[in-house]
>>> print(open('data31.cif').read())   # mmCIF, C-alpha atoms
data_upload
loop_
_atom_site.label_atom_id
_atom_site.label_comp_id
_atom_site.auth_asym_id
_atom_site.auth_seq_id
_atom_site.Cartn_x
_atom_site.Cartn_y
_atom_site.Cartn_z
CA MET A 1 -183.48 162.14 -197.42
CA SER A 2 -184.26 162.88 -193.75
CA SER A 3 -187.25 165.01 -192.80
CA THR A 4 -184.89 167.83 -191.77
CA GLU A 5 -183.07 167.69 -195.09
CA ASN A 6 -186.38 167.60 -196.92
CA GLU A 7 -187.58 170.73 -195.10
CA SER A 8 -184.30 172.48 -195.92
CA ALA A 9 -184.61 171.63 -199.60
CA HIS A 10 -188.23 172.80 -199.58
CA SER A 11 -187.19 176.18 -198.20
CA GLN A 12 -185.08 176.83 -201.27
CA HIS A 13 -188.12 177.08 -203.53
CA ALA A 14 -188.65 180.61 -204.83
CA VAL A 15 -192.33 180.53 -203.88
CA ASP A 16 -193.56 178.58 -200.90
CA ALA A 17 -195.43 175.47 -202.01
CA PRO A 18 -198.86 174.87 -200.49
CA LYS A 19 -198.74 173.07 -197.19
CA THR A 20 -201.21 170.41 -198.35
CA SER A 21 -200.29 168.71 -201.61
CA HIS A 22 -202.67 165.76 -201.26
CA PRO A 23 -206.24 166.80 -200.43
CA LYS A 24 -208.34 164.46 -198.36
CA GLU A 25 -210.65 162.06 -200.11
CA VAL A 26 -214.20 163.44 -200.12
CA SER A 27 -217.45 162.47 -201.78
CA SER A 28 -218.88 164.55 -204.63
CA GLN A 29 -221.56 165.91 -202.32
CA ASP A 30 -219.00 166.83 -199.65
CA TYR A 31 -216.81 168.56 -202.20
CA GLN A 32 -219.74 170.60 -203.51
CA HIS A 33 -220.35 171.70 -199.95
CA ASP A 34 -216.64 172.55 -199.54
CA LEU A 35 -216.71 174.71 -202.70
CA ALA A 36 -219.75 176.65 -201.52
CA ALA A 37 -218.28 177.08 -198.05
CA ALA A 38 -214.93 178.18 -199.47
CA ALA A 39 -216.62 180.73 -201.75
CA ILE A 40 -218.53 182.15 -198.79
CA ARG A 41 -215.32 182.33 -196.72
CA TYR A 42 -213.68 184.38 -199.47
CA GLY A 43 -216.66 186.70 -199.43
CA LEU A 44 -216.59 187.09 -195.64
CA LYS A 45 -212.94 188.14 -195.92
CA GLY A 46 -213.87 190.86 -198.40
CA TRP A 47 -212.93 189.08 -201.63
CA LYS A 48 -215.55 189.39 -204.36
CA VAL A 49 -216.25 186.01 -205.96
CA LEU A 50 -218.22 184.65 -208.89
CA PRO A 51 -219.16 181.13 -210.07
CA CYS A 52 -217.30 179.89 -213.16
CA GLU A 53 -217.84 177.04 -215.63
CA TRP A 54 -216.39 173.79 -214.24
CA ARG A 55 -216.78 171.61 -217.31
CA ALA A 56 -213.96 171.21 -219.82
CA GLY A 57 -214.43 172.71 -223.25
CA LYS A 58 -214.69 176.03 -225.01
CA TYR A 59 -216.32 177.82 -222.08
CA ALA A 60 -214.27 176.28 -219.25
CA LYS A 61 -213.61 178.82 -216.46
CA ALA A 62 -216.00 181.36 -218.05
CA PRO A 63 -218.30 183.31 -215.69
CA LEU A 64 -221.72 181.76 -215.10
CA ILE A 65 -223.37 185.06 -214.20
CA HIS A 66 -224.38 188.07 -216.24
CA ASN A 67 -221.73 190.82 -216.43
CA GLY A 68 -219.01 188.39 -215.36
CA PHE A 69 -216.42 189.56 -212.83
CA LYS A 70 -218.03 193.00 -212.69
CA ALA A 71 -220.98 191.35 -210.93
CA ALA A 72 -218.80 189.47 -208.42
CA SER A 73 -220.02 189.73 -204.83
CA CYS A 74 -218.85 189.21 -201.27
CA ASP A 75 -222.43 188.94 -199.96
CA PRO A 76 -222.77 185.46 -198.34
CA ALA A 77 -226.45 185.20 -199.30
CA VAL A 78 -225.72 185.95 -202.95
CA ILE A 79 -222.78 183.55 -203.01
CA ALA A 80 -224.80 180.77 -201.37
CA HIS A 81 -227.53 181.26 -204.00
CA TRP A 82 -225.02 180.98 -206.84
CA TRP A 83 -223.57 177.73 -205.50
CA ARG A 84 -227.03 176.26 -205.01
CA LEU A 85 -227.58 176.91 -208.72
CA TYR A 86 -224.09 175.67 -209.71
CA PRO A 87 -222.76 173.41 -206.92
CA ASN A 88 -219.72 172.34 -208.96
CA ALA A 89 -218.79 175.85 -210.07
CA LEU A 90 -215.18 176.96 -209.94
CA ILE A 91 -214.54 179.85 -207.57
CA GLY A 92 -213.52 182.98 -209.45
CA VAL A 93 -212.00 185.82 -207.43
CA ALA A 94 -212.11 189.34 -208.88
CA VAL A 95 -208.69 190.99 -208.63
CA PRO A 96 -209.34 194.03 -206.40
CA PRO A 97 -207.86 197.53 -206.66
CA GLY A 98 -204.46 197.75 -205.01
CA VAL A 99 -203.53 194.22 -206.09
CA ILE A 100 -201.72 192.81 -209.12
CA VAL A 101 -201.66 189.13 -210.09
CA ILE A 102 -198.84 187.75 -212.20
CA ASP A 103 -200.34 184.80 -214.11
CA ILE A 104 -197.71 182.28 -215.25
CA ASP A 105 -199.02 179.78 -217.81
CA PRO A 106 -196.51 177.10 -218.97
CA ARG A 107 -198.78 176.14 -221.91
CA HIS A 108 -197.84 179.44 -223.55
CA GLY A 109 -194.19 179.45 -222.53
CA GLY A 110 -194.50 181.03 -219.09
CA ARG A 111 -191.86 180.04 -216.52
CA LEU A 112 -191.63 181.01 -212.87
CA ASP A 113 -187.82 181.21 -213.13
CA ASP A 114 -188.10 183.90 -215.83
CA VAL A 115 -190.19 186.04 -213.49
CA LEU A 116 -187.92 185.52 -210.50
CA ALA A 117 -184.91 186.48 -212.65
CA LEU A 118 -186.42 189.96 -212.95
CA CYS A 119 -186.72 190.43 -209.20
CA ASP A 120 -184.23 191.87 -206.77
CA TRP A 121 -185.36 189.29 -204.25
CA ASP A 122 -183.61 185.92 -203.97
CA MET A 123 -186.91 184.55 -202.71
CA VAL A 124 -190.44 185.76 -203.37
CA ARG A 125 -192.52 185.14 -200.26
CA THR A 126 -195.97 186.14 -201.34
CA ARG A 127 -199.34 184.50 -201.79
CA ALA A 128 -199.40 182.00 -204.63
CA THR A 129 -202.19 179.89 -206.13
CA TYR A 130 -201.11 176.77 -208.02
CA SER A 131 -203.11 175.58 -211.01
CA GLY A 132 -205.00 172.31 -210.79
CA ARG A 133 -203.59 171.55 -214.23
CA ASP A 134 -200.50 170.52 -212.24
CA ASP A 135 -198.09 171.79 -214.90
CA GLY A 136 -196.32 174.52 -212.95
CA GLY A 137 -198.90 177.22 -213.62
CA VAL A 138 -199.17 179.70 -210.78
CA HIS A 139 -200.74 183.03 -209.82
CA LEU A 140 -198.48 185.34 -207.79
CA TRP A 141 -200.31 187.99 -205.77
CA PHE A 142 -198.80 191.39 -204.94
CA THR A 143 -200.00 194.68 -203.49
CA THR A 144 -199.28 197.94 -205.30
CA THR A 145 -200.21 201.63 -205.30
CA LEU A 146 -200.01 201.77 -209.11
CA SER A 147 -203.27 202.52 -210.90
CA ASN A 148 -202.18 202.79 -214.54
CA VAL A 149 -200.93 199.26 -215.17
CA ALA A 150 -202.12 197.67 -218.41
CA GLN A 151 -203.53 194.16 -218.66
CA SER A 152 -200.87 192.62 -220.88
CA ASN A 153 -197.69 190.54 -220.78
CA LEU A 154 -194.88 191.23 -218.36
CA LEU A 155 -191.81 192.60 -220.14
CA ASP A 156 -188.43 190.85 -220.11
CA ALA A 157 -185.02 192.48 -219.56
CA ASP A 158 -184.96 193.53 -223.23
CA GLY A 159 -188.38 195.19 -223.06
CA LYS A 160 -190.05 192.40 -225.03
CA ARG A 161 -193.21 190.61 -224.00
CA LEU A 162 -192.75 187.53 -221.83
CA GLU A 163 -194.98 184.95 -223.45
CA GLY A 164 -197.15 183.07 -221.01
CA VAL A 165 -196.69 185.65 -218.23
CA ASP A 166 -199.74 187.90 -217.97
CA VAL A 167 -200.29 190.90 -215.71
CA LYS A 168 -203.77 191.19 -214.19
CA PRO A 169 -204.11 194.56 -212.44
CA GLY A 170 -206.90 195.26 -209.97
CA GLY A 171 -210.28 195.82 -211.58
CA SER A 172 -209.32 194.15 -214.86
CA GLY A 173 -210.51 190.59 -214.40
CA TYR A 174 -210.57 187.51 -212.20
CA VAL A 175 -208.60 184.35 -211.46
CA ILE A 176 -209.64 180.87 -210.36
CA ALA A 177 -209.10 180.24 -206.66
CA ALA A 178 -208.50 177.21 -204.46
CA PRO A 179 -209.99 174.69 -203.90
CA SER A 180 -211.66 174.71 -207.33
CA LEU A 181 -211.18 171.55 -209.41
CA HIS A 182 -209.46 172.08 -212.75
CA PRO A 183 -211.88 171.33 -215.63
CA GLU A 184 -209.37 169.11 -217.48
CA THR A 185 -207.54 167.26 -214.71
CA GLY A 186 -210.12 167.24 -211.90
CA LYS A 187 -207.31 168.21 -209.51
CA PRO A 188 -207.75 171.08 -207.04
CA TYR A 189 -206.15 174.50 -207.23
CA ARG A 190 -203.95 174.95 -204.15
CA ALA A 191 -202.78 178.03 -202.30
CA ASN A 192 -199.90 178.61 -199.92
CA SER A 193 -200.38 180.38 -196.61
CA GLN A 194 -198.27 183.47 -197.32
CA LYS A 195 -199.55 187.02 -197.01
CA ILE A 196 -199.70 189.18 -200.13
CA GLN A 197 -196.45 191.15 -200.34
CA PRO A 198 -195.65 194.50 -202.06
CA LEU A 199 -194.66 194.25 -205.71
CA PRO A 200 -190.82 193.98 -205.94
CA ALA A 201 -188.98 196.84 -207.66
CA GLY A 202 -187.63 194.45 -210.27
CA LEU A 203 -191.16 193.63 -211.41
CA ILE A 204 -192.32 197.25 -211.31
CA ALA A 205 -189.62 197.96 -213.90
CA ARG A 206 -191.11 195.31 -216.18
CA LEU A 207 -194.79 196.20 -215.95
CA PRO A 208 -196.78 197.25 -219.03
CA PHE A 209 -198.28 200.68 -218.40
CA LYS A 210 -201.21 202.40 -220.07
CA HIS A 211 -199.07 204.61 -222.26
CA GLU A 212 -199.72 203.05 -225.62
CA ALA A 213 -197.28 205.07 -227.73
CA THR A 214 -194.45 204.43 -225.29
CA ASN A 215 -195.11 200.72 -224.87
CA SER A 216 -195.58 200.23 -228.61
CA LEU A 217 -192.22 201.85 -229.21
CA LEU A 218 -190.45 199.81 -226.55
CA ASN A 219 -191.87 196.55 -227.84
CA SER A 220 -191.12 197.25 -231.52
CA GLY A 221 -187.35 197.57 -231.13
CA PHE A 222 -185.35 200.80 -231.31
CA SER A 223 -183.67 199.88 -234.60
CA LEU A 224 -186.97 200.20 -236.49
CA LEU A 225 -187.04 203.99 -236.15
CA SER A 226 -184.53 206.74 -236.67
CA ALA A 227 -182.60 207.74 -233.55
CA ARG A 228 -184.03 211.28 -233.55
CA HIS A 229 -187.64 210.17 -233.99
CA THR A 230 -187.21 207.36 -231.45
CA ARG A 231 -185.72 209.66 -228.82
CA SER A 232 -188.41 212.29 -229.35
CA LYS A 233 -191.27 209.82 -229.12
CA LEU A 234 -189.79 207.95 -226.16
CA LEU A 235 -189.06 211.07 -224.12
CA GLY A 236 -192.39 212.65 -225.00
CA GLY A 237 -194.39 209.64 -223.84
CA LEU A 238 -192.44 209.05 -220.63
CA ILE A 239 -192.14 212.67 -219.57
CA ASP A 240 -195.78 213.43 -220.31
CA GLY A 241 -196.76 210.35 -218.31
CA MET A 242 -194.56 211.44 -215.39
CA ALA A 243 -196.07 214.92 -215.26
CA ARG A 244 -199.58 213.44 -215.02
CA GLN A 245 -198.90 211.08 -212.11
CA VAL A 246 -200.76 211.58 -208.84
CA GLU A 247 -199.65 210.92 -205.28
CA GLY A 248 -199.25 207.20 -204.68
CA ASN A 249 -198.07 206.47 -208.23
CA ARG A 250 -195.27 209.00 -208.66
CA ASN A 251 -192.26 207.11 -207.29
CA SER A 252 -193.21 203.83 -208.95
CA TYR A 253 -193.78 205.50 -212.31
CA LEU A 254 -190.51 207.47 -212.07
CA PHE A 255 -188.61 204.24 -211.41
CA TRP A 256 -190.29 202.49 -214.34
CA ALA A 257 -189.77 205.42 -216.74
CA ALA A 258 -186.14 205.84 -215.72
CA CYS A 259 -185.49 202.15 -216.39
CA ARG A 260 -187.04 202.48 -219.84
CA MET A 261 -184.89 205.52 -220.65
CA LEU A 262 -181.72 203.84 -219.41
CA GLU A 263 -182.49 200.81 -221.58
CA ALA A 264 -182.84 203.17 -224.54
CA GLU A 265 -179.46 204.64 -223.62
CA GLN A 266 -177.94 201.16 -223.67
CA ALA A 267 -179.47 200.69 -227.13
CA GLY A 268 -177.47 203.68 -228.36
CA LEU A 269 -179.84 206.62 -227.90
CA LYS A 270 -178.71 209.85 -226.27
CA ILE A 271 -180.84 210.17 -223.16
CA ASP A 272 -180.88 212.90 -220.52
CA LEU A 273 -182.66 212.03 -217.28
CA ASP A 274 -182.82 215.71 -216.29
CA GLU A 275 -186.01 216.18 -218.30
CA LEU A 276 -187.63 213.25 -216.53
CA ALA A 277 -186.45 214.61 -213.16
CA GLU A 278 -188.00 218.00 -213.96
CA ALA A 279 -191.32 216.33 -214.80
CA ALA A 280 -191.13 214.38 -211.53
CA ALA A 281 -190.58 217.62 -209.63
CA MET A 282 -193.60 219.15 -211.37
CA ALA A 283 -195.62 216.10 -210.27
CA GLY A 284 -194.71 216.91 -206.66
CA LEU A 285 -191.71 214.70 -205.81
CA SER A 286 -188.91 216.16 -203.71
CA GLY A 287 -185.34 216.39 -204.98
CA ARG A 288 -184.26 213.73 -202.50
CA GLU A 289 -186.97 211.31 -203.67
CA ILE A 290 -186.10 211.92 -207.32
CA PHE A 291 -182.37 211.40 -206.75
CA ALA A 292 -182.90 208.18 -204.78
CA THR A 293 -185.34 206.74 -207.33
CA LEU A 294 -183.13 207.53 -210.33
CA ARG A 295 -180.15 206.02 -208.56
CA SER A 296 -182.13 202.83 -207.85
CA ALA A 297 -183.19 202.63 -211.50
CA ARG A 298 -179.60 202.95 -212.71
CA GLN A 299 -178.48 200.25 -210.26
CA GLN A 300 -181.29 198.01 -211.49
CA ILE A 301 -180.22 198.35 -215.13
CA VAL A 302 -176.49 197.98 -214.39
CA ARG A 303 -177.09 194.71 -212.52
CA ARG A 304 -178.54 193.02 -215.59
#
>>> encode(input="data31.cif", output="structure tokens")
Amino acid sequence: MSSTENESAHSQHAVDAPKTSHPKEVSSQDYQHDLAAAAIRYGLKGWKVLPCEWRAGKYAKAPLIHNGFKAASCDPAVIAHWWRLYPNALIGVAVPPGVIVIDIDPRHGGRLDDVLALCDWDMVRTRATYSGRDDGGVHLWFTTTLSNVAQSNLLDADGKRLEGVDVKPGGSGYVIAAPSLHPETGKPYRANSQKIQPLPAGLIARLPFKHEATNSLLNSGFSLLSARHTRSKLLGGLIDGMARQVEGNRNSYLFWAACRMLEAEQAGLKIDLDELAEAAAMAGLSGREIFATLRSARQQIVRR
């Protein structure tokens, strides 16, 4: 294959691969220096970092500092001190507010293709960090205005949990960053050079939200409850959640809730979106915004 053909084939990947697939050969001492320098660079860019266990075993990737990711810092002096204590430590990056990481782990059944199938986009051009396990594991980074996302599995088109695909909302935890060496393989985590993009609408519709009764119902299957009880519980949870949304979350939540209600309709329940629209109006959305969002949700469900 010519270099031009190779570049063309590469461009068809759903997520841009890292530009450097074969890191340069460095001594152990040089690599320790690189890890410390990389951790400090993250901190200088405003990313809070923490040192994590580099040795394989029960505590691999666990925080090496008290209070874990909650004690992560972007202070260069603090970071330099940590890496003097633990020069081989993996670099953990705390997921900040306004960001969501989709963690795809093939060991538990996670597949990138399953996530991309839920997106409207043919290509997802966002920041990605590839696991040093070298098994297809990847972290996809997205920006979002949502603040009530639960730390749980992404949901598939049937509303069931996608095994091996975890959602890490801002403030809920940390992920391992490049160029950390994987505890089991000794290979580095790698990152592409893309900027973090907004969360696609197709993934917003599949997020787990912090509305326990609603999510429990959706994940249990509609056939387990009577139609009347199911409809009452579903509508109550979604409409109550809509009425409590604040500016910045309202459109995203309306889209998500409408998708859930339309799925229930497909499952045979009698659903009226007017009640949801009224709750959205009470939350402060205009009629035009409500109409456009509900129309997008219906188009999203029909396309499946």
>>> atom_distance(input="data31.cif", atom1="CA of Pro183 (chain A)", atom2="CA of Ala62 (chain A)")
11.1 Å
>>> resolve_selection(input="data31.cif", expression="the PyMOL selection byres ((chain A and resi 112) around 10)", output="JSON, numbers by chain")
{"A": [14, 15, 102, 103, 104, 105, 106, 110, 111, 113, 114, 115, 116, 117, 136, 137, 138, 139, 140, 165]}
>>> resolve_selection(input="data31.cif", expression="the PyMOL selection byres ((chain A and resi 282-289) around 8)", output="short mmCIF file (atom, residue, chain, number, x, y, z; two decimals) with C-alpha atoms, in the frame of the given file")
data_model
loop_
_atom_site.label_atom_id
_atom_site.label_comp_id
_atom_site.auth_asym_id
_atom_site.auth_seq_id
_atom_site.Cartn_x
_atom_site.Cartn_y
_atom_site.Cartn_z
CA MET A 242 -194.56 211.44 -215.39
CA ALA A 243 -196.07 214.92 -215.26
CA ARG A 244 -199.58 213.44 -215.02
CA GLN A 245 -198.90 211.08 -212.11
CA VAL A 246 -200.76 211.58 -208.84
CA GLU A 247 -199.65 210.92 -205.28
CA ARG A 250 -195.27 209.00 -208.66
CA ASN A 251 -192.26 207.11 -207.29
CA GLU A 278 -188.00 218.00 -213.96
CA ALA A 279 -191.32 216.33 -214.80
CA ALA A 280 -191.13 214.38 -211.53
CA ALA A 281 -190.58 217.62 -209.63
CA ILE A 290 -186.10 211.92 -207.32
CA PHE A 291 -182.37 211.40 -206.75
CA ALA A 292 -182.90 208.18 -204.78
CA THR A 293 -185.34 206.74 -207.33
#
>>> resolve_selection(input="data31.cif", expression="the PyMOL selection byres ((chain A and resi 89) around 7)", output="JSON, numbers by chain")
{"A": [51, 52, 53, 54, 83, 86, 87, 88, 90, 91]}
>>> write_last_selection(input="data31.cif", atoms="C-alpha atoms", output="PDB file, in the coordinates of the input")
ATOM      1  CA  PRO A  51    -219.160 181.130-210.070  1.00  0.00           C
ATOM      2  CA  CYS A  52    -217.300 179.890-213.160  1.00  0.00           C
ATOM      3  CA  GLU A  53    -217.840 177.040-215.630  1.00  0.00           C
ATOM      4  CA  TRP A  54    -216.390 173.790-214.240  1.00  0.00           C
ATOM      5  CA  TRP A  83    -223.570 177.730-205.500  1.00  0.00           C
ATOM      6  CA  TYR A  86    -224.090 175.670-209.710  1.00  0.00           C
ATOM      7  CA  PRO A  87    -222.760 173.410-206.920  1.00  0.00           C
ATOM      8  CA  ASN A  88    -219.720 172.340-208.960  1.00  0.00           C
ATOM      9  CA  LEU A  90    -215.180 176.960-209.940  1.00  0.00           C
ATOM     10  CA  ILE A  91    -214.540 179.850-207.570  1.00  0.00           C
TER      11      ILE A  91
END
>>> closest_residue(input="data31.cif", among="A:Ile79, A:Leu254, A:Leu155, A:Val149", to="Lys168 (chain A)", atoms="all atoms listed in the file")
A:Val149
>>> closest_residue(input="data31.cif", among="A:His182, A:Val78, A:Phe209, A:Ser296", to="Gly57 (chain A)", atoms="all atoms listed in the file")
A:His182
>>> atom_distance(input="data31.cif", atom1="CA of Tyr189 (chain A)", atom2="CA of Ser131 (chain A)")
5.0 Å
